[in-house]
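S.K.: Next up, work_35.cif (mmCIF, C-alpha atoms and all ligand atoms).
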data_my_file
#
loop_
_atom_site.label_atom_id
_atom_site.label_comp_id
_atom_site.auth_asym_id
_atom_site.auth_seq_id
_atom_site.Cartn_x
_atom_site.Cartn_y
_atom_site.Cartn_z
CA MET A 1 25.05 -6.30 -5.39
CA THR A 2 25.12 -7.57 -1.81
CA ALA A 3 28.02 -5.28 -0.91
CA ASN A 4 25.99 -2.39 -2.17
CA LEU A 5 22.98 -3.41 -0.09
CA THR A 6 25.09 -3.85 3.02
CA ALA A 7 26.36 -0.31 2.57
CA ARG A 8 22.81 1.08 2.87
CA PRO A 9 22.71 4.13 5.11
CA HIS A 10 21.10 3.79 8.52
CA LEU A 11 20.15 0.12 8.29
CA PRO A 12 19.95 -0.98 11.95
CA PRO A 13 22.71 -3.50 12.71
CA ASP A 14 20.28 -6.22 13.80
CA LEU A 15 18.65 -6.31 10.35
CA VAL A 16 20.17 -8.49 7.65
CA ALA A 17 20.38 -6.57 4.37
CA ASP A 18 19.78 -9.53 2.08
CA ARG A 19 16.81 -10.78 4.10
CA MET A 20 14.79 -7.59 3.85
CA PRO A 21 11.29 -7.85 2.36
CA ARG A 22 11.30 -6.66 -1.23
CA HIS A 23 7.75 -5.38 -1.01
CA VAL A 24 5.93 -4.18 2.13
CA ALA A 25 2.16 -3.63 2.17
CA VAL A 26 0.47 -1.70 4.93
CA ILE A 27 -3.11 -1.32 6.16
CA MET A 28 -2.93 2.10 7.78
CA ASP A 29 -5.59 1.73 10.45
CA GLY A 30 -6.47 3.55 13.66
CA ASN A 31 -6.42 7.21 12.63
CA GLY A 32 -9.88 7.83 14.05
CA ARG A 33 -9.10 6.16 17.38
CA TRP A 34 -5.83 8.08 17.64
CA ALA A 35 -7.74 11.37 17.35
CA LYS A 36 -10.55 10.25 19.66
CA LYS A 37 -8.04 9.37 22.39
CA ARG A 38 -6.94 13.00 22.24
CA GLY A 39 -10.46 14.42 22.17
CA ARG A 40 -9.95 15.66 18.62
CA PRO A 41 -11.97 15.15 15.41
CA ARG A 42 -11.20 12.02 13.39
CA ILE A 43 -9.81 14.09 10.53
CA MET A 44 -6.88 15.14 12.72
CA GLY A 45 -5.88 11.48 12.81
CA HIS A 46 -5.97 11.29 9.02
CA LYS A 47 -3.77 14.38 8.76
CA ARG A 48 -1.21 12.91 11.14
CA GLY A 49 -1.42 9.63 9.26
CA VAL A 50 0.00 11.32 6.17
CA ASP A 51 3.17 12.22 8.10
CA THR A 52 3.51 8.59 9.21
CA LEU A 53 3.26 7.42 5.61
CA LYS A 54 5.93 9.89 4.49
CA THR A 55 8.27 8.65 7.21
CA LEU A 56 7.64 5.03 6.29
CA LEU A 57 8.25 5.65 2.58
CA ARG A 58 11.59 7.30 3.29
CA CYS A 59 12.54 4.55 5.72
CA CYS A 60 11.76 1.82 3.15
CA ASP A 61 13.88 3.65 0.62
CA ASP A 62 16.80 4.09 3.06
CA TRP A 63 16.69 0.46 4.14
CA GLY A 64 16.69 -1.02 0.65
CA ILE A 65 13.04 -2.05 0.33
CA GLY A 66 12.06 -1.72 -3.32
CA ALA A 67 8.30 -1.40 -3.03
CA LEU A 68 5.73 -0.05 -0.58
CA THR A 69 1.98 -0.36 -1.04
CA ALA A 70 -0.36 1.55 1.28
CA TYR A 71 -4.13 1.14 1.69
CA ALA A 72 -5.52 4.68 1.72
CA PHE A 73 -9.24 4.22 0.96
CA SER A 74 -11.30 1.07 0.49
CA THR A 75 -14.36 0.56 -1.69
CA GLU A 76 -16.21 0.12 1.63
CA ASN A 77 -15.00 3.44 3.05
CA TRP A 78 -17.63 5.30 0.96
CA GLY A 79 -20.03 4.11 3.66
CA ARG A 80 -18.56 6.61 6.15
CA PRO A 81 -20.22 9.95 6.88
CA ASN A 82 -20.05 12.34 3.91
CA ASP A 83 -17.93 14.95 5.61
CA GLU A 84 -15.20 12.42 6.46
CA VAL A 85 -15.17 11.02 2.89
CA GLU A 86 -15.02 14.53 1.45
CA PHE A 87 -12.22 15.50 3.80
CA LEU A 88 -10.19 12.46 2.77
CA MET A 89 -10.61 13.18 -0.96
CA VAL A 90 -9.48 16.78 -0.47
CA LEU A 91 -6.61 15.62 1.74
CA PHE A 92 -5.37 13.13 -0.88
CA GLU A 93 -5.44 15.82 -3.53
CA ARG A 94 -3.71 18.42 -1.41
CA VAL A 95 -0.97 16.05 -0.24
CA LEU A 96 -0.31 14.87 -3.77
CA ARG A 97 0.02 18.40 -5.08
CA ARG A 98 2.26 19.40 -2.16
CA GLU A 99 4.54 16.35 -2.24
CA LEU A 100 5.03 15.80 -5.97
CA ALA A 101 8.26 17.80 -6.21
CA GLU A 102 9.75 15.87 -3.31
CA LEU A 103 8.70 12.53 -4.78
CA MET A 104 10.52 13.57 -7.95
CA ASN A 105 13.59 14.63 -5.94
CA GLU A 106 13.68 11.30 -4.20
CA ASN A 107 13.27 9.38 -7.46
CA VAL A 108 10.02 7.71 -6.26
CA ARG A 109 7.67 6.06 -8.77
CA ILE A 110 4.13 6.55 -7.55
CA ARG A 111 1.18 4.55 -8.81
CA PHE A 112 -2.45 4.51 -7.71
CA VAL A 113 -4.48 1.32 -7.81
CA GLY A 114 -8.24 0.96 -7.43
CA ASN A 115 -11.33 2.10 -9.24
CA LEU A 116 -9.92 5.55 -9.93
CA GLN A 117 -12.70 6.66 -12.30
CA ALA A 118 -15.08 6.97 -9.37
CA LEU A 119 -12.85 9.52 -7.57
CA PRO A 120 -13.49 13.27 -7.80
CA LEU A 121 -12.27 14.62 -11.16
CA SER A 122 -9.79 17.06 -9.63
CA LEU A 123 -8.20 14.21 -7.64
CA GLN A 124 -8.06 12.07 -10.78
CA GLY A 125 -6.17 14.92 -12.46
CA GLU A 126 -3.54 15.07 -9.69
CA ILE A 127 -3.21 11.28 -9.76
CA GLU A 128 -2.64 11.22 -13.52
CA ARG A 129 -0.07 13.98 -13.26
CA ALA A 130 1.83 12.32 -10.42
CA MET A 131 1.87 8.93 -12.17
CA ALA A 132 2.99 10.44 -15.48
CA ASP A 133 5.67 12.69 -13.95
CA THR A 134 7.23 9.92 -11.86
CA ALA A 135 6.80 7.06 -14.37
CA ALA A 136 10.45 7.08 -15.46
CA ASN A 137 11.86 7.35 -11.93
CA THR A 138 14.02 4.41 -10.91
CA GLY A 139 13.72 4.49 -7.10
CA ILE A 140 11.18 2.90 -4.78
CA GLN A 141 7.84 1.82 -6.28
CA PHE A 142 5.19 3.47 -4.13
CA THR A 143 1.65 2.21 -4.71
CA VAL A 144 -1.37 3.86 -3.11
CA ALA A 145 -4.58 1.82 -3.01
CA THR A 146 -7.38 4.37 -3.34
CA ASN A 147 -11.00 3.33 -3.83
CA TYR A 148 -9.47 -0.11 -3.83
CA GLY A 149 -11.27 -3.40 -3.14
CA GLY A 150 -9.69 -6.81 -3.59
CA ARG A 151 -12.93 -8.43 -4.76
CA GLN A 152 -13.60 -5.61 -7.18
CA GLU A 153 -10.05 -5.92 -8.56
CA ILE A 154 -10.57 -9.65 -9.19
CA ILE A 155 -13.93 -9.04 -10.87
CA GLN A 156 -12.52 -6.39 -13.21
CA ALA A 157 -9.68 -8.78 -14.11
CA CYS A 158 -12.29 -11.46 -14.97
CA GLN A 159 -14.17 -8.97 -17.12
CA ALA A 160 -11.00 -7.93 -18.96
CA ILE A 161 -10.11 -11.57 -19.63
CA ALA A 162 -13.68 -12.38 -20.74
CA HIS A 163 -13.50 -9.55 -23.27
CA GLN A 164 -10.22 -10.92 -24.65
CA ILE A 165 -11.87 -14.32 -25.11
CA LYS A 166 -14.94 -12.77 -26.71
CA ARG A 167 -12.71 -10.94 -29.20
CA GLY A 168 -11.05 -14.25 -30.04
CA GLU A 169 -7.66 -13.15 -28.69
CA LEU A 170 -7.50 -15.82 -26.00
CA GLU A 171 -8.63 -19.39 -25.32
CA PRO A 172 -10.07 -20.20 -21.86
CA GLU A 173 -7.35 -22.85 -21.43
CA GLU A 174 -4.72 -20.13 -21.68
CA ILE A 175 -5.86 -18.54 -18.40
CA ASP A 176 -3.21 -19.22 -15.77
CA GLU A 177 -1.85 -17.36 -12.73
CA SER A 178 0.55 -15.32 -14.78
CA LEU A 179 -2.12 -14.19 -17.25
CA PHE A 180 -4.51 -13.41 -14.40
CA GLU A 181 -1.88 -11.25 -12.68
CA GLN A 182 -1.37 -9.28 -15.86
CA ASN A 183 -5.00 -8.19 -15.58
CA LEU A 184 -4.83 -7.04 -11.97
CA TYR A 185 -4.24 -3.40 -11.03
CA THR A 186 -0.87 -4.42 -9.60
CA GLN A 187 0.48 -5.92 -12.83
CA GLY A 188 4.25 -5.82 -12.93
CA LEU A 189 4.58 -5.52 -9.16
CA GLU A 190 5.78 -8.53 -7.21
CA ASP A 191 3.61 -9.84 -4.37
CA PRO A 192 4.14 -8.32 -0.91
CA ASP A 193 6.44 -10.30 1.39
CA LEU A 194 5.21 -8.54 4.50
CA LEU A 195 1.78 -7.14 5.40
CA ILE A 196 1.62 -4.74 8.33
CA ARG A 197 -1.67 -3.75 9.94
CA THR A 198 -1.81 -1.20 12.72
CA SER A 199 -4.41 -0.75 15.50
CA GLY A 200 -4.75 -4.42 16.33
CA GLU A 201 -7.48 -5.56 13.95
CA MET A 202 -6.90 -9.15 12.81
CA ARG A 203 -8.35 -8.90 9.34
CA ILE A 204 -7.56 -8.16 5.71
CA SER A 205 -10.52 -5.78 5.06
CA ASN A 206 -10.60 -6.55 1.31
CA PHE A 207 -6.96 -5.57 0.70
CA LEU A 208 -4.87 -7.33 -2.01
CA LEU A 209 -6.80 -10.60 -1.71
CA TRP A 210 -4.88 -12.27 -4.54
CA GLN A 211 -1.44 -10.76 -3.89
CA LEU A 212 -1.24 -11.54 -0.15
CA ALA A 213 -1.47 -15.32 -0.66
CA TYR A 214 1.92 -15.94 0.99
CA ALA A 215 2.69 -12.65 2.73
CA GLU A 216 3.90 -12.74 6.31
CA MET A 217 1.51 -10.82 8.54
CA TYR A 218 2.52 -8.42 11.28
CA ILE A 219 -0.21 -6.87 13.39
CA THR A 220 0.51 -4.26 16.04
CA ASP A 221 -1.78 -2.52 18.51
CA THR A 222 -0.03 0.77 17.76
CA LEU A 223 -2.37 3.22 16.03
CA TRP A 224 -1.26 4.35 12.57
CA PRO A 225 -0.26 7.96 13.48
CA ASP A 226 2.09 6.51 16.15
CA PHE A 227 3.73 3.95 13.84
CA ASP A 228 7.31 5.25 13.65
CA HIS A 229 10.84 4.05 12.71
CA GLY A 230 11.10 1.99 15.88
CA GLU A 231 7.80 0.23 15.22
CA PHE A 232 8.79 -0.50 11.63
CA HIS A 233 12.13 -1.81 12.82
CA ARG A 234 10.31 -4.23 15.17
CA ALA A 235 8.11 -5.44 12.31
CA LEU A 236 11.20 -6.13 10.19
CA VAL A 237 12.97 -7.98 13.01
CA SER A 238 9.86 -10.15 13.37
CA PHE A 239 9.79 -10.72 9.60
CA GLN A 240 13.43 -11.79 9.54
CA GLN A 241 12.77 -14.38 12.26
CA ARG A 242 10.02 -16.08 10.26
CA HIS A 243 10.53 -19.32 8.40
CA ARG A 244 8.66 -18.98 5.11
CA ARG A 245 7.75 -22.43 3.90
CA PHE A 246 5.40 -21.73 0.97
CA GLY A 247 3.68 -25.04 1.64
CA LYS A 248 6.91 -27.04 1.58
CA LEU A 249 8.78 -28.66 4.48
C1 LIG B 301 -7.64 4.33 8.69
O1 LIG B 301 -8.03 4.82 9.93
C2 LIG B 301 -7.78 5.33 7.58
C3 LIG B 301 -8.84 5.03 6.61
C4 LIG B 301 -9.58 3.95 6.59
C5 LIG B 301 -9.09 6.03 5.57
P1 LIG B 301 -9.53 4.76 10.37
O2 LIG B 301 -10.23 5.97 9.88
O3 LIG B 301 -10.15 3.47 9.94
O4 LIG B 301 -9.41 4.81 11.94
P2 LIG B 301 -10.22 3.93 13.00
O5 LIG B 301 -10.06 2.50 12.61
O6 LIG B 301 -11.64 4.38 12.91
O7 LIG B 301 -9.58 4.25 14.30
C1 LIG B 302 -9.11 -0.63 6.14
O1 LIG B 302 -9.43 0.02 7.31
C2 LIG B 302 -9.08 0.36 4.99
C3 LIG B 302 -7.98 1.31 5.01
C4 LIG B 302 -7.01 1.34 5.86
C5 LIG B 302 -7.99 2.26 3.94
P1 LIG B 302 -10.96 0.09 7.83
O2 LIG B 302 -10.93 0.84 9.09
O3 LIG B 302 -11.82 0.61 6.75
O4 LIG B 302 -11.28 -1.46 8.06
P2 LIG B 302 -12.38 -2.15 8.97
O5 LIG B 302 -13.68 -1.44 8.74
O6 LIG B 302 -11.93 -2.01 10.38
O7 LIG B 302 -12.39 -3.58 8.53
MG MG B 303 -10.32 1.66 10.78
#
So, in terms of structure tokens, how does the structure I just supplied come out?
M.R.:
Amino acid sequence: MTANLTARPHLPPDLVADRMPRHVAVIMDGNGRWAKKRGRPRIMGHKRGVDTLKTLLRCCDDWGIGALTAYAFSTENWGRPNDEVEFLMVLFERVLRRELAELMNENVRIRFVGNLQALPLSLQGEIERAMADTAANTGIQFTVATNYGGRQEIIQACQAIAHQIKRGELEPEEIDESLFEQNLYTQGLEDPDLLIRTSGEMRISNFLLWQLAYAEMYITDTLWPDFDHGEFHRALVSFQQRHRRFGKL
């Protein structure tokens, strides 16, 4: 196994193959500021941000990282002006339609997490198609958090568990971490080892509140559309220098 990992194409020599994070989560922030700096409308930043995400996905795959989760739209982002929200929904749909064949080619399994029922119906259709078509792929697990909120995810898990109890399928004493995780959107996915946030904000913004319990955090001032291979490399070098204690000594 290790020999195989070491043989990964393009892995920079200063990264240790068997100390790579298995799951990277990313808060893609700073699209609006990137565009503003250039005197362009915010939506231009979102468009460029898609290219950054594609590059990162490919890089994770090449460097032996098994899972990438990206925060695309939060439950709080509905509070933005209508035209920006509408643009984002159309952008998600268009990108998904355009990229599906390539995701298939690259053996990517894509999954969307969040309150998907509240998304436009046409976007829901593309999401269902992409998840179904790629479900049997065996490559990188790519998760896109769309209309996602960590608090909302925890509440819906509580509701699902409460219903199981009400139906007599479960005793309250049987609720433990493992059962709780099975009721989260991310069931079956291991917790992120590394959380990256771009654009310098030092906060979680309601992302993966449960799953990030012991993730290493890497925050860079670089704005999302400028986050490239080199930036990702730096984040991984930083990650590999950390001593993860998990509360022990
Ligand atoms: C992140 O960039 C993308 C989304 C939240 C959809 P922003 O749009 O938050 O960009 P800034 O933070 O305003 O620069
Ligand atoms: C977090 O970014 C949400 C996404 C990246 C989708 P925001 O720009 O919405 O976060 P705040 O408002 O700065 O906390
Ligand atoms: Mg932002």
S.K.: Could you check which residues have any atom within 12 Å of (-8.6, 11.8, 11.8), counting only C-alpha atoms with coordinates taken straight from the file, and then list them as a PyMOL selection string?
M.R.: chain A and resi 28-50+83-85+87-88+91+223-225
S.K.: Keeping C-alpha atoms, export the residues of the selection given above as a CSV table (one decimal), in the frame of the given file.
M.R.:
chain,number,residue,atom,x,y,z
A,28,MET,CA,-2.9,2.1,7.8
A,29,ASP,CA,-5.6,1.7,10.4
A,30,GLY,CA,-6.5,3.6,13.7
A,31,ASN,CA,-6.4,7.2,12.6
A,32,GLY,CA,-9.9,7.8,14.0
A,33,ARG,CA,-9.1,6.2,17.4
A,34,TRP,CA,-5.8,8.1,17.6
A,35,ALA,CA,-7.7,11.4,17.4
A,36,LYS,CA,-10.6,10.2,19.7
A,37,LYS,CA,-8.0,9.4,22.4
A,38,ARG,CA,-6.9,13.0,22.2
A,39,GLY,CA,-10.5,14.4,22.2
A,40,ARG,CA,-10.0,15.7,18.6
A,41,PRO,CA,-12.0,15.2,15.4
A,42,ARG,CA,-11.2,12.0,13.4
A,43,ILE,CA,-9.8,14.1,10.5
A,44,MET,CA,-6.9,15.1,12.7
A,45,GLY,CA,-5.9,11.5,12.8
A,46,HIS,CA,-6.0,11.3,9.0
A,47,LYS,CA,-3.8,14.4,8.8
A,48,ARG,CA,-1.2,12.9,11.1
A,49,GLY,CA,-1.4,9.6,9.3
A,50,VAL,CA,0.0,11.3,6.2
A,83,ASP,CA,-17.9,15.0,5.6
A,84,GLU,CA,-15.2,12.4,6.5
A,85,VAL,CA,-15.2,11.0,2.9
A,87,PHE,CA,-12.2,15.5,3.8
A,88,LEU,CA,-10.2,12.5,2.8
A,91,LEU,CA,-6.6,15.6,1.7
A,223,LEU,CA,-2.4,3.2,16.0
A,224,TRP,CA,-1.3,4.4,12.6
A,225,PRO,CA,-0.3,8.0,13.5
S.K.: Could you pull out the residues sitting within 8 Å of ligand LIG 302 (chain B), using only C-alpha atoms and all ligand atoms, and write them as a list in words?
M.R.: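 Residues lying within 8 Å of ligand LIG 302 (chain B): Ile27, Met28, Asp29, Gly30, Tyr71, Ala72, Phe73, Ser74, Glu76, Asn77, Ala145, Thr146, Glu201, Arg203, Ile204, Ser205, Asn206 and Phe207 of chain A.
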S.K.: Please write the residues from the selection above to a file, keeping C-alpha atoms, as a PDB file, in the coordinates of the input.
M.R.:
ATOM      1  CA  ILE A  27      -3.110  -1.320   6.160  1.00  0.00           C
ATOM      2  CA  MET A  28      -2.930   2.100   7.780  1.00  0.00           C
ATOM      3  CA  ASP A  29      -5.590   1.730  10.450  1.00  0.00           C
ATOM      4  CA  GLY A  30      -6.470   3.550  13.660  1.00  0.00           C
ATOM      5  CA  TYR A  71      -4.130   1.140   1.690  1.00  0.00           C
ATOM      6  CA  ALA A  72      -5.520   4.680   1.720  1.00  0.00           C
ATOM      7  CA  PHE A  73      -9.240   4.220   0.960  1.00  0.00           C
ATOM      8  CA  SER A  74     -11.300   1.070   0.490  1.00  0.00           C
ATOM      9  CA  GLU A  76     -16.210   0.120   1.630  1.00  0.00           C
ATOM     10  CA  ASN A  77     -15.000   3.440   3.050  1.00  0.00           C
ATOM     11  CA  ALA A 145      -4.580   1.820  -3.010  1.00  0.00           C
ATOM     12  CA  THR A 146      -7.380   4.370  -3.340  1.00  0.00           C
ATOM     13  CA  GLU A 201      -7.480  -5.560  13.950  1.00  0.00           C
ATOM     14  CA  ARG A 203      -8.350  -8.900   9.340  1.00  0.00           C
ATOM     15  CA  ILE A 204      -7.560  -8.160   5.710  1.00  0.00           C
ATOM     16  CA  SER A 205     -10.520  -5.780   5.060  1.00  0.00           C
ATOM     17  CA  ASN A 206     -10.600  -6.550   1.310  1.00  0.00           C
ATOM     18  CA  PHE A 207      -6.960  -5.570   0.700  1.00  0.00           C
TER      19      PHE A 207
END
S.K.: Between A:Ser199, A:Thr220, A:Asn183, A:Gln152, single out the one closest to ligand LIG 301 (chain B), counting all atoms listed in the file.
M.R.: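 The shortest atom-to-atom distance to ligand LIG 301 (chain B) comes from A:Ser199.
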S.K.: When you draw a straight line from CA of Tyr214 in chain A to CA of Gln141 in chain A, how long is it in Å?
M.R.: 20.1 Å
S.K.: State, in Å with one decimal place, the distance from CA of Leu208 in chain A to CA of Leu189 in chain A.
M.R.: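 Result for CA of Leu208 in chain A versus CA of Leu189 in chain A: 12.0 Å, one decimal.
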